[in-house]
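Trainee: Shown below is the structure under consideration.
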Protein chains: 4
Amino acid sequence: MNENPKPGKNGFKFPESIKTRITDVKPNHLSTRGYNQEDLITNLSFAEMVFLLLRERLPDEREAKIFNHILVSFCDHGVTPPSTQSARLIASSGANINNAVAGGLLSFGKNHAGAIEKAMELFQTTIKSLILEETDEEDVNKKIARAAIDIVERYESESMRIPGYGHRYHSKDPRAVRLLDLAILESGIGPHTKLALVIESILSERKGIGLNVDGVNAGLLSDLGFDSSLGLGIFMIGRLPGLVAHAYEEMEEEEKFRRFCDLENIVYEGFKNRNIDEK
Amino acid sequence: MNENPKPGKNGFKFPESIKTRITDVKPNHLSTRGYNQEDLITNLSFAEMVFLLLRERLPDEREAKIFNHILVSFCDHGVTPPSTQSARLIASSGANINNAVAGGLLSFGKNHAGAIEKAMELFQTTIKSLILEETDEEDVNKKIARAAIDIVERYESESMRIPGYGHRYHSKDPRAVRLLDLAILESGIGPHTKLALVIESILSERKGIGLNVDGVNAGLLSDLGFDSSLGLGIFMIGRLPGLVAHAYEEMEEEEKFRRFCDLENIVYEGFKNRNIDEK
Amino acid sequence: MNENPKPGKNGFKFPESIKTRITDVKPNHLSTRGYNQEDLITNLSFAEMVFLLLRERLPDEREAKIFNHILVSFCDHGVTPPSTQSARLIASSGANINNAVAGGLLSFGKNHAGAIEKAMELFQTTIKSLILEETDEEDVNKKIARAAIDIVERYESESMRIPGYGHRYHSKDPRAVRLLDLAILESGIGPHTKLALVIESILSERKGIGLNVDGVNAGLLSDLGFDSSLGLGIFMIGRLPGLVAHAYEEMEEEEKFRRFCDLENIVYEGFKNRNIDEK
Amino acid sequence: MNENPKPGKNGFKFPESIKTRITDVKPNHLSTRGYNQEDLITNLSFAEMVFLLLRERLPDEREAKIFNHILVSFCDHGVTPPSTQSARLIASSGANINNAVAGGLLSFGKNHAGAIEKAMELFQTTIKSLILEETDEEDVNKKIARAAIDIVERYESESMRIPGYGHRYHSKDPRAVRLLDLAILESGIGPHTKLALVIESILSERKGIGLNVDGVNAGLLSDLGFDSSLGLGIFMIGRLPGLVAHAYEEMEEEEKFRRFCDLENIVYEGFKNRNIDEK
């Protein structure tokens with residue numbers, strides 16, 4: 001059981017032993033990241049448990065509060081997101097709820113839910129390059145301000161949108177506004193969120209757009225130390241309750257297939273009246 | 001926009017308007033189940049938000065505590081569950097994290113994660129048939145005890161396992177034990193959980209098996225008023241953080257395809273050396 | 001490499017060797033069901049290759065023709081099937097084509113694409129019970145006729161629809177009509193298809209409905225010897241080209257998210273204006 | 001029904017009418033790409049039907065032969081491909097066959113099955129840039145030869161592998177060898193396949209590697225006029241029969257979960273014995 005995987009001839013390793021650092025399972029004993037699951041069940045909030053699973057340690061009180069706000073802010077945005085509509089459509093065909101929800105997750109990609117990881121990457125790469133340790137706060141703020149201007153100008157010159165700003169429906173995303181207020185109150189504003197805010201002040205002046213929930217959470221999660229490649233995973237954990245609720249709402253509707261459009265709504269614009277002999 | 005969907009000629013309805021009771025979205029305004037999302041973000045724990053989404057109302061303090069314990073208890077059980085192994089395998093092929101996690105969800109069915117809804121149905125159908133309102137507590141306990149005996153004998157005569165009892169690895173599922181202790185402390189033991197406990201005392205004596213986490217949570221969720229058809233949805237919400245953590249652990253491994261077995265491990269046992277002419 | 005899997009303590013077997021009867025892979029050598037893939041590529045039609053993969057032997061000329069007709073008949077039915085709409089919706093969100101097509105497959109269940117396996121089961125169970133070997137043809141026809149009447153009356157008494165008959169759009173499914181004509185010409189009508197036809201003549205008289213493509217193919221596939229549990233698999237193989245074409249058509253559309261409905265089309269009917277203090 | 005979709009305020013269009021060029025559906029009438037489905041069922045092979053669906057016209061005899069060989073060559077490569085292993089794993093958990101096969105499709109991405117589209121893009125971009133119309137054949141061959149040298153040197157200088165060459169198991173992919181022989185016999189070698197062959201002769205000399213099935217088919221499909229963005233779709237159509245066969249083989253196995261590894265095979269390497277108080 002403790003053998004190292006022996007190498008296969010063609011570069012694959014046979015999984016004689018799968019190594020993991022997440023949960024240790026023995027008969028009548030379960031511990032996750034080193035803590036007995038019984039103690040976790042007794043003492044942790046669900047948000048703290050998620051933090052522990054992904055960061056390999058417990059959050060302190062401050063971190064737990066902010067991370068909880070982030071997860072709640074992701075929970076649902078109504079029917080219109082592509083993932084929610086896909087989940088509802090599949091649920092409406094009579095498929096099981098896990099199929100509906102899985103189908104919803106499949107619509108995430110570059111165009112949908114991609115902003116959070118891109119924003120996290122942008123903020124993290126930038127802050128990392130500024131080498132802010134052992135810099136007094138005034139200099140930190142100056143460096144961040146300069147970096148913000150650079151970013152805005154770079155994206156403008158390439159006619160690209162900065163991920164995390166603007167929203168289809170909201171000129172002022174209510175979730176973003178509240179998250180920032182809470183972060184200020186709870187000492188959650190670190191260098192990444194500062195950078196996000198300075199960019200916002202510039203964009204707000206130039207284009208009238210502000211941070212959306214993805215942008216704020218990208219800043220907050222970066223300040224909490226999460227790697228950008230966990231961004232979509234955290235978003236999915238927050239959004240799954242909404243997908244389950246929407247799939248369930250569809251399933252409870254009496255009529256099957258009610259979300260599916262009818263022949264009357266299809267317009268055929270292709271070839272007509274061709275004969276096989278015309279091959 | 002407020003038209004009722006007009007019926008299509010063939011029984012389908014065209015989705016001119018999708019009705020929902022979950023989240024109301026207006027420009028700069030979001031409310032879920034009637035509450036401003038800003039207030040939800042400020043005041044609710046993630047577990048309370050999940051409760052609100054699925055039950056259409058806020059939990060009281062007692063309900064919130066128990067529901068939180070349930071979600072934490074579902075979070076992870078290591079590498080071996082089929083859903084976790086499927087998610088790790090797909091992650092290992094280099095696919096995106098949402099594909100890996102969605103693939104994990106696809107392995108749920110009758111044989112995996114099916115027990116929670118079956119147990120909820122069993123408990124709910126039984127308690128409903130006992131018509132316990134306006135019955136004093138002693139009679140309630142007697143009725144439940146009789147029903148428990150009936151269930152054990154019925155399943156035994158049909159050589160079927162009662163869902164929610166026993167476990168592949170644990171003679172005493174540590175999560176189940178702790179959840180019950182907490183439920184007693186926090187007044188979470190209602191008629192469904194009582195029924196589950198009486199069945200356990202009988203099975204424990206006859207077969208040496210006890211409640212597992214699915215069985216305990218089936219009782220607790222039923223006492224919290226959740227319909228059985230939400231059982232798998234709640235389990236998925238609790239388990240997704242574990243799936244994300246496992247998929248991420250695979251993605252962080254340097255070698256691609258490390259989970260895939262090699263030619264050396266395949267034994268071909270089918271036909272050999274056939275010729276097309278033998279058609 | 002040739003070891004039998006050793007049993008694990010808890011009933012699982014570790015996959016030290018996976019046994020298969022499908023394709024033998026050695027360096028520079030590939031054979032499927034015993035035939036060199038080079039010879040298969042040279043000599044087989046795609047439909048014959050599918051037959052070989054699923055039935056473990058090559059079809060004769062008659063079988064190959066009929067099986068080919070069946071696969072072509074499954075290829076596409078326009079936009080409206082739930083699987084096609086789901087695939088188009090996911091493609092429209094910008095997800096990769098494999099995600100879109102996989103999402104389409106997830107909508108198959110009891111309510112969509114379930115008829116073909118149910119019809120195959122019904123026909124196969126019935127014919128099996130008639131013990132038709134060594135019965136002269138006249139008696140065979142009589143037994144089948146009686147069985148058909150039994151089936152129609154049984155389903156009627158239980159107010160259930162016989163799978164494989166009727167269609168949302170077509171009073172006479174053009175695919176079913178043509179498939180039967182070809183089957184007659186090509187000697188493809190065996191006892192299962194005969195049974196299907198006799199049931200049709202009764203239903204046609206009583207209810208004015210006829211065989212649809214699922215019902216005809218259920219008869220033909222049963223007469224070709226396919227087990228009912230392969231019905232959905234064969235349907236998916238036939239339908240995938242259509243799903244790919246539809247997903248591709250969506251992807252080629254310039255506008256992203258064009259299939260997604262807008263806020264204007266959502267009607268919120270749930271709670272409003274609730275305050276957290278009302279907990 | 002013929003209205004253009006009216007624009008929503010926020011950039012989404014409500015699907016009042018979905019336009020399609022694939023299949024026209026009217027009561028008792030189905031036509032695909034302009035041809036009656038009855039005639040298609042009667043006259044087309046499954047491969048010809050796939051060609052029609054994706055290319056919007058029927059193939060001529062030459063094209064039909066080559067396209068058929070391509071689809072057969074994709075059908076199965078045994079247990080080891082990531083998609084096949086994922087499908088088998090999910091099937092082994094007891095999930096439905098459509099879930100197993102869908103799960104297999106989810107593992108396609110950059111690292112698995114990505115080569116065919118990349119190779120098609122490389123060949124098509126190159127040939128397009130050579131402007132070969134109205135060039136005599138000798139000049140065409142010279143231009144292609146120069147382009148081949150450029151490609152090999154460019155990829156070598158960037159330490160990148162040219163997609164479509166080499167194979168984990170086969171020094172000479174038997175499918176590629178046979179496909180090329182057939183293409184020569186059947187006049188299927190156009191400029192893209194020529195380019196692929198010249199690159200192969202250089203790589204063969206320098207590195208001892210040759211075209212694999214993805215590379216050959218990338219050339220052949222490009223010469224048949226397929227856009228590179230259809231490469232994965234065509235591969236999935238060809239490979240689905242194999243995935244169905246493998247999922248079915250798993251389902252027929254008596255023991256559930258036989259593919260899943262056991263606790264004995266998991267090595268836990270993470271934290272141990274931590275106490276909640278150490279928060």
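Here's how to read the names in the structure tokens: chain A, B, ... by the order shown, residue numbers from 1 in each chain, ligand numbers from 1 in the order shown.
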Taking 3 positions as the minimum chain separation for residues in the same chain, which residues sit within 8 Å of stretch 124-140 of chain B when counting only C-alpha atoms? Answer as a compact mmCIF listing (two decimals) with C-alpha atoms, in the first residue's frame.

Mentor:
# COMPACT_ATOMS: atom_id res chain seq x y z
CA MET B 120 -36.28 10.04 3.49
CA GLU B 121 -39.18 8.55 1.53
CA LYS B 143 -46.81 3.84 17.19
CA ILE B 144 -43.30 4.60 16.00
CA ALA B 147 -43.90 0.89 12.66
CA PRO B 191 -40.63 11.70 14.78
CA HIS B 192 -38.66 10.75 11.65
CA SER B 222 -37.30 14.99 7.23
CA SER B 228 -37.49 13.57 -0.05

Trainee: Quick one: contact table of chain C to chain B, 8 Å max, nearest atom pair and distance in Å to one decimal per residue, counting only C-alpha atoms, chain and number order, as CSV?

Mentor:
residue,atom,partner,partner_atom,distance
C:Met1,CA,B:Asn265,CA,5.6
C:Asn2,CA,B:Val267,CA,6.6
C:Asn10,CA,B:Arg168,CA,6.1
C:Glu16,CA,B:Asn265,CA,6.1
C:Ser17,CA,B:Asn265,CA,4.7
C:Ile18,CA,B:Ile266,CA,4.9
C:Lys19,CA,B:Val267,CA,4.8
C:Thr20,CA,B:Tyr268,CA,5.2
C:Arg21,CA,B:Gly270,CA,3.9
C:Ile22,CA,B:Gly270,CA,6.5
C:Thr23,CA,B:Tyr268,CA,7.3
C:Asp24,CA,B:Tyr268,CA,5.7
C:Val25,CA,B:Leu263,CA,7.5
C:Lys26,CA,B:Leu263,CA,8.0
C:Ser31,CA,B:Lys272,CA,7.9
C:Arg33,CA,B:Phe271,CA,5.4
C:Gly34,CA,B:Lys272,CA,3.9
C:Tyr35,CA,B:Arg274,CA,5.1
C:Asn36,CA,B:Asn273,CA,7.7
C:Asp39,CA,B:Ile276,CA,7.1
C:Leu40,CA,B:Ile276,CA,7.8
C:Asn43,CA,B:Ile276,CA,7.9
C:Leu58,CA,B:Lys279,CA,6.1
C:Pro59,CA,B:Lys279,CA,7.3
C:Asp60,CA,B:Lys279,CA,6.6
C:Asn99,CA,B:Asn99,CA,8.0
C:Arg168,CA,B:Asn10,CA,6.0
C:Tyr169,CA,B:Asn10,CA,6.7
C:Leu263,CA,B:Val25,CA,7.5
C:Glu264,CA,B:Met1,CA,6.2
C:Asn265,CA,B:Ser17,CA,4.7
C:Ile266,CA,B:Ile18,CA,4.9
C:Val267,CA,B:Lys19,CA,4.7
C:Tyr268,CA,B:Thr20,CA,5.2
C:Glu269,CA,B:Arg21,CA,5.1
C:Gly270,CA,B:Arg21,CA,3.9
C:Phe271,CA,B:Gly34,CA,4.4
C:Lys272,CA,B:Gly34,CA,3.9
C:Asn273,CA,B:Gly34,CA,5.3
C:Arg274,CA,B:Tyr35,CA,5.1
C:Asn275,CA,B:Tyr35,CA,6.2
C:Ile276,CA,B:Tyr35,CA,7.0
C:Lys279,CA,B:Leu58,CA,6.1

Trainee: Would you mind listing what lies within 8 Å of stretch 109-114 of chain B as a PyMOL selection string, with only C-alpha atoms counted and same-chain residues fewer than 2 positions away left out?

Mentor: (chain B and resi 82+106-107+116-118+232+235) or (chain D and resi 93-96)

Trainee: So that I can see what lies close to A:Glu153, please list as a short mmCIF file (atom, residue, chain, number, x, y, z; two decimals) with all heavy atoms, in the first residue's frame the residues with an atom at most 12 Å from it, counting only C-alpha atoms and leaving out residues fewer than 6 positions away in the same chain.

Mentor:
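As written to disk, around.cif reads:
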data_model
loop_
_atom_site.label_atom_id
_atom_site.label_comp_id
_atom_site.auth_asym_id
_atom_site.auth_seq_id
_atom_site.Cartn_x
_atom_site.Cartn_y
_atom_site.Cartn_z
N ARG A 146 -0.35 53.49 -9.49
CA ARG A 146 0.32 53.49 -10.79
C ARG A 146 -0.03 52.24 -11.58
O ARG A 146 -0.30 52.29 -12.78
CB ARG A 146 1.84 53.58 -10.61
CG ARG A 146 2.36 55.00 -10.61
CD ARG A 146 3.87 55.04 -10.71
NE ARG A 146 4.51 54.37 -9.59
CZ ARG A 146 5.10 54.97 -8.57
NH1 ARG A 146 5.13 56.30 -8.53
NH2 ARG A 146 5.67 54.29 -7.60
N ALA A 147 -0.04 51.12 -10.87
CA ALA A 147 -0.35 49.86 -11.55
C ALA A 147 -1.76 49.87 -12.11
O ALA A 147 -2.02 49.37 -13.21
CB ALA A 147 -0.18 48.69 -10.57
N SER A 159 -8.33 47.42 -26.74
CA SER A 159 -9.80 47.31 -26.86
C SER A 159 -10.36 46.10 -26.14
O SER A 159 -11.25 45.42 -26.64
CB SER A 159 -10.21 47.22 -28.34
OG SER A 159 -9.78 48.36 -29.01
N MET A 160 -9.83 45.83 -24.96
CA MET A 160 -10.30 44.69 -24.19
C MET A 160 -10.96 45.15 -22.90
O MET A 160 -10.63 46.20 -22.35
CB MET A 160 -9.12 43.77 -23.83
CG MET A 160 -8.77 42.80 -24.95
SD MET A 160 -7.18 41.96 -24.64
CE MET A 160 -7.40 41.31 -22.96
N ARG A 161 -11.92 44.34 -22.44
CA ARG A 161 -12.58 44.66 -21.17
C ARG A 161 -11.78 44.12 -20.00
O ARG A 161 -11.29 42.99 -20.05
CB ARG A 161 -13.95 43.99 -21.12
CG ARG A 161 -14.95 44.49 -22.10
CD ARG A 161 -16.32 43.92 -21.76
NE ARG A 161 -17.31 44.36 -22.71
CZ ARG A 161 -18.61 44.21 -22.54
NH1 ARG A 161 -19.07 43.61 -21.45
NH2 ARG A 161 -19.45 44.65 -23.46
N ILE A 162 -11.71 44.89 -18.95
CA ILE A 162 -11.06 44.40 -17.75
C ILE A 162 -12.05 43.47 -17.05
O ILE A 162 -13.19 43.87 -16.78
CB ILE A 162 -10.66 45.56 -16.82
CG1 ILE A 162 -9.75 46.54 -17.57
CG2 ILE A 162 -9.95 45.02 -15.58
CD1 ILE A 162 -9.39 47.77 -16.76
N ILE A 199 -8.76 50.75 -9.77
CA ILE A 199 -9.19 50.55 -11.16
C ILE A 199 -10.63 51.00 -11.31
O ILE A 199 -11.01 51.65 -12.30
CB ILE A 199 -9.04 49.07 -11.58
CG1 ILE A 199 -7.57 48.65 -11.61
CG2 ILE A 199 -9.68 48.85 -12.95
CD1 ILE A 199 -7.36 47.15 -11.84
N ILE A 202 -11.07 54.76 -11.62
CA ILE A 202 -10.71 55.26 -12.95
C ILE A 202 -11.80 54.91 -13.97
O ILE A 202 -12.27 55.75 -14.73
CB ILE A 202 -9.35 54.66 -13.42
CG1 ILE A 202 -8.25 54.94 -12.40
CG2 ILE A 202 -8.99 55.20 -14.79
CD1 ILE A 202 -6.93 54.24 -12.71
N LEU A 203 -12.22 53.63 -13.98
CA LEU A 203 -13.23 53.19 -14.95
C LEU A 203 -14.56 53.91 -14.73
O LEU A 203 -15.29 54.22 -15.68
CB LEU A 203 -13.47 51.68 -14.83
CG LEU A 203 -12.41 50.76 -15.39
CD1 LEU A 203 -12.86 49.31 -15.23
CD2 LEU A 203 -12.13 51.06 -16.86
N ARG A 206 -14.11 57.28 -16.34
CA ARG A 206 -13.99 57.26 -17.80
C ARG A 206 -15.17 56.62 -18.50
O ARG A 206 -15.55 57.02 -19.61
CB ARG A 206 -12.73 56.49 -18.21
CG ARG A 206 -11.43 57.12 -17.76
CD ARG A 206 -10.24 56.46 -18.44
NE ARG A 206 -8.97 56.88 -17.83
CZ ARG A 206 -7.79 56.65 -18.36
NH1 ARG A 206 -7.69 56.01 -19.50
NH2 ARG A 206 -6.69 57.05 -17.74
#

Trainee: Which residues come within 10 Å of C:Lys65, counting only C-alpha atoms, excluding same-chain residues fewer than 4 positions away, as a list in words?

Mentor: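 Residues near the query, excluding close chain neighbours: Ala47, Glu48, Pro59, Asp60, Glu61, His69, Ile70, Leu182, Ala183, Glu186 and Gly188 of chain C; Thr42 and Ser45 of chain D.
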
Trainee: Skipping near chain neighbours, those fewer than 3 positions away, what residues fall within 12 Å of B:Ile184 using only C-alpha atoms, listed as a list in words?

Mentor: Arg62, Ile66, Val177, Arg178, Leu179, Leu180, Asp181, Ser187, Gly188, Ile189, Gly190, Thr193, Lys194, Leu197 and Leu220 of chain B

Trainee: Between atom CA of A:Phe46 and atom CA of A:Gly103, what distance in Å does the model show, to one decimal?

Mentor: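 Spanning atom CA of A:Phe46 to atom CA of A:Gly103 is a straight-line distance of 24.8 Å.
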
Trainee: Env of A:Ala176: 6 Å cut, atoms = only C-alpha atoms, seq-sep filter 2 positions within chain, self excluded. Answer as a ChimeraX atom specification.

Mentor: /A:173-174,178-179,212-213,216

Trainee: Could you pull out all residues of stretch 14-101 of chain C with a DSSP call of strand (DSSP E or B) and give them as a PDB file with N, CA and C atoms, in the first residue's frame?

Mentor:
ATOM      1  N   ILE C  18      -7.766  -4.912 -16.005  1.00  0.00           N
ATOM      2  CA  ILE C  18      -9.110  -4.700 -16.543  1.00  0.00           C
ATOM      3  C   ILE C  18      -9.277  -5.663 -17.701  1.00  0.00           C
ATOM      4  N   LYS C  19     -10.304  -6.487 -17.641  1.00  0.00           N
ATOM      5  CA  LYS C  19     -10.544  -7.448 -18.717  1.00  0.00           C
ATOM      6  C   LYS C  19     -11.511  -6.842 -19.719  1.00  0.00           C
ATOM      7  N   THR C  20     -11.233  -7.079 -20.971  1.00  0.00           N
ATOM      8  CA  THR C  20     -12.113  -6.565 -22.015  1.00  0.00           C
ATOM      9  C   THR C  20     -12.157  -7.534 -23.187  1.00  0.00           C
ATOM     10  N   THR C  23     -11.344  -4.464 -27.876  1.00  0.00           N
ATOM     11  CA  THR C  23     -10.202  -4.185 -28.750  1.00  0.00           C
ATOM     12  C   THR C  23      -8.899  -4.610 -28.083  1.00  0.00           C
ATOM     13  N   ASP C  24      -8.078  -5.311 -28.843  1.00  0.00           N
ATOM     14  CA  ASP C  24      -6.770  -5.739 -28.371  1.00  0.00           C
ATOM     15  C   ASP C  24      -5.739  -4.751 -28.899  1.00  0.00           C
ATOM     16  N   VAL C  25      -4.970  -4.175 -27.997  1.00  0.00           N
ATOM     17  CA  VAL C  25      -3.991  -3.154 -28.379  1.00  0.00           C
ATOM     18  C   VAL C  25      -2.590  -3.646 -28.064  1.00  0.00           C
ATOM     19  N   LYS C  26      -1.773  -3.770 -29.096  1.00  0.00           N
ATOM     20  CA  LYS C  26      -0.357  -4.061 -28.883  1.00  0.00           C
ATOM     21  C   LYS C  26       0.417  -3.045 -29.708  1.00  0.00           C
ATOM     22  N   HIS C  29      -0.239  -2.745 -33.433  1.00  0.00           N
ATOM     23  CA  HIS C  29      -1.273  -3.729 -33.771  1.00  0.00           C
ATOM     24  C   HIS C  29      -2.560  -3.400 -33.035  1.00  0.00           C
ATOM     25  N   LEU C  30      -3.635  -3.336 -33.766  1.00  0.00           N
ATOM     26  CA  LEU C  30      -4.952  -3.082 -33.170  1.00  0.00           C
ATOM     27  C   LEU C  30      -5.954  -4.036 -33.776  1.00  0.00           C
ATOM     28  N   SER C  31      -6.659  -4.761 -32.943  1.00  0.00           N
ATOM     29  CA  SER C  31      -7.727  -5.577 -33.511  1.00  0.00           C
ATOM     30  C   SER C  31      -8.970  -5.464 -32.643  1.00  0.00           C
ATOM     31  N   THR C  32     -10.099  -5.369 -33.312  1.00  0.00           N
ATOM     32  CA  THR C  32     -11.389  -5.204 -32.631  1.00  0.00           C
ATOM     33  C   THR C  32     -12.254  -6.419 -32.880  1.00  0.00           C
ATOM     34  N   TYR C  35     -10.724  -8.841 -35.301  1.00  0.00           N
ATOM     35  CA  TYR C  35     -10.339  -8.471 -36.676  1.00  0.00           C
ATOM     36  C   TYR C  35      -9.321  -7.324 -36.646  1.00  0.00           C
ATOM     37  N   ASN C  36      -8.271  -7.434 -37.447  1.00  0.00           N
ATOM     38  CA  ASN C  36      -7.320  -6.332 -37.622  1.00  0.00           C
ATOM     39  C   ASN C  36      -8.048  -5.048 -37.980  1.00  0.00           C
TER      40      ASN C  36
END

Trainee: Using DSSP on the backbone coordinates, identify all residues within stretch 142-248 of chain A classified as helix (DSSP H, G or I); present the result as a PyMOL selection string.

Mentor: chain A and resi 142-157+174-185+191-207+213-223+228-248

Trainee: What separation in Å, quoted to one decimal, exists between atom CA of B:Met236 and atom CA of B:Ala102?

Mentor: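 So the two atoms, atom CA of B:Met236 and atom CA of B:Ala102, lie 10.8 Å apart.
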
Trainee: One decimal, in Å: what's the spacing between atom CA of A:Gly242 and atom CA of D:Leu89?

Mentor: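 Those two atoms sit 28.5 Å apart.
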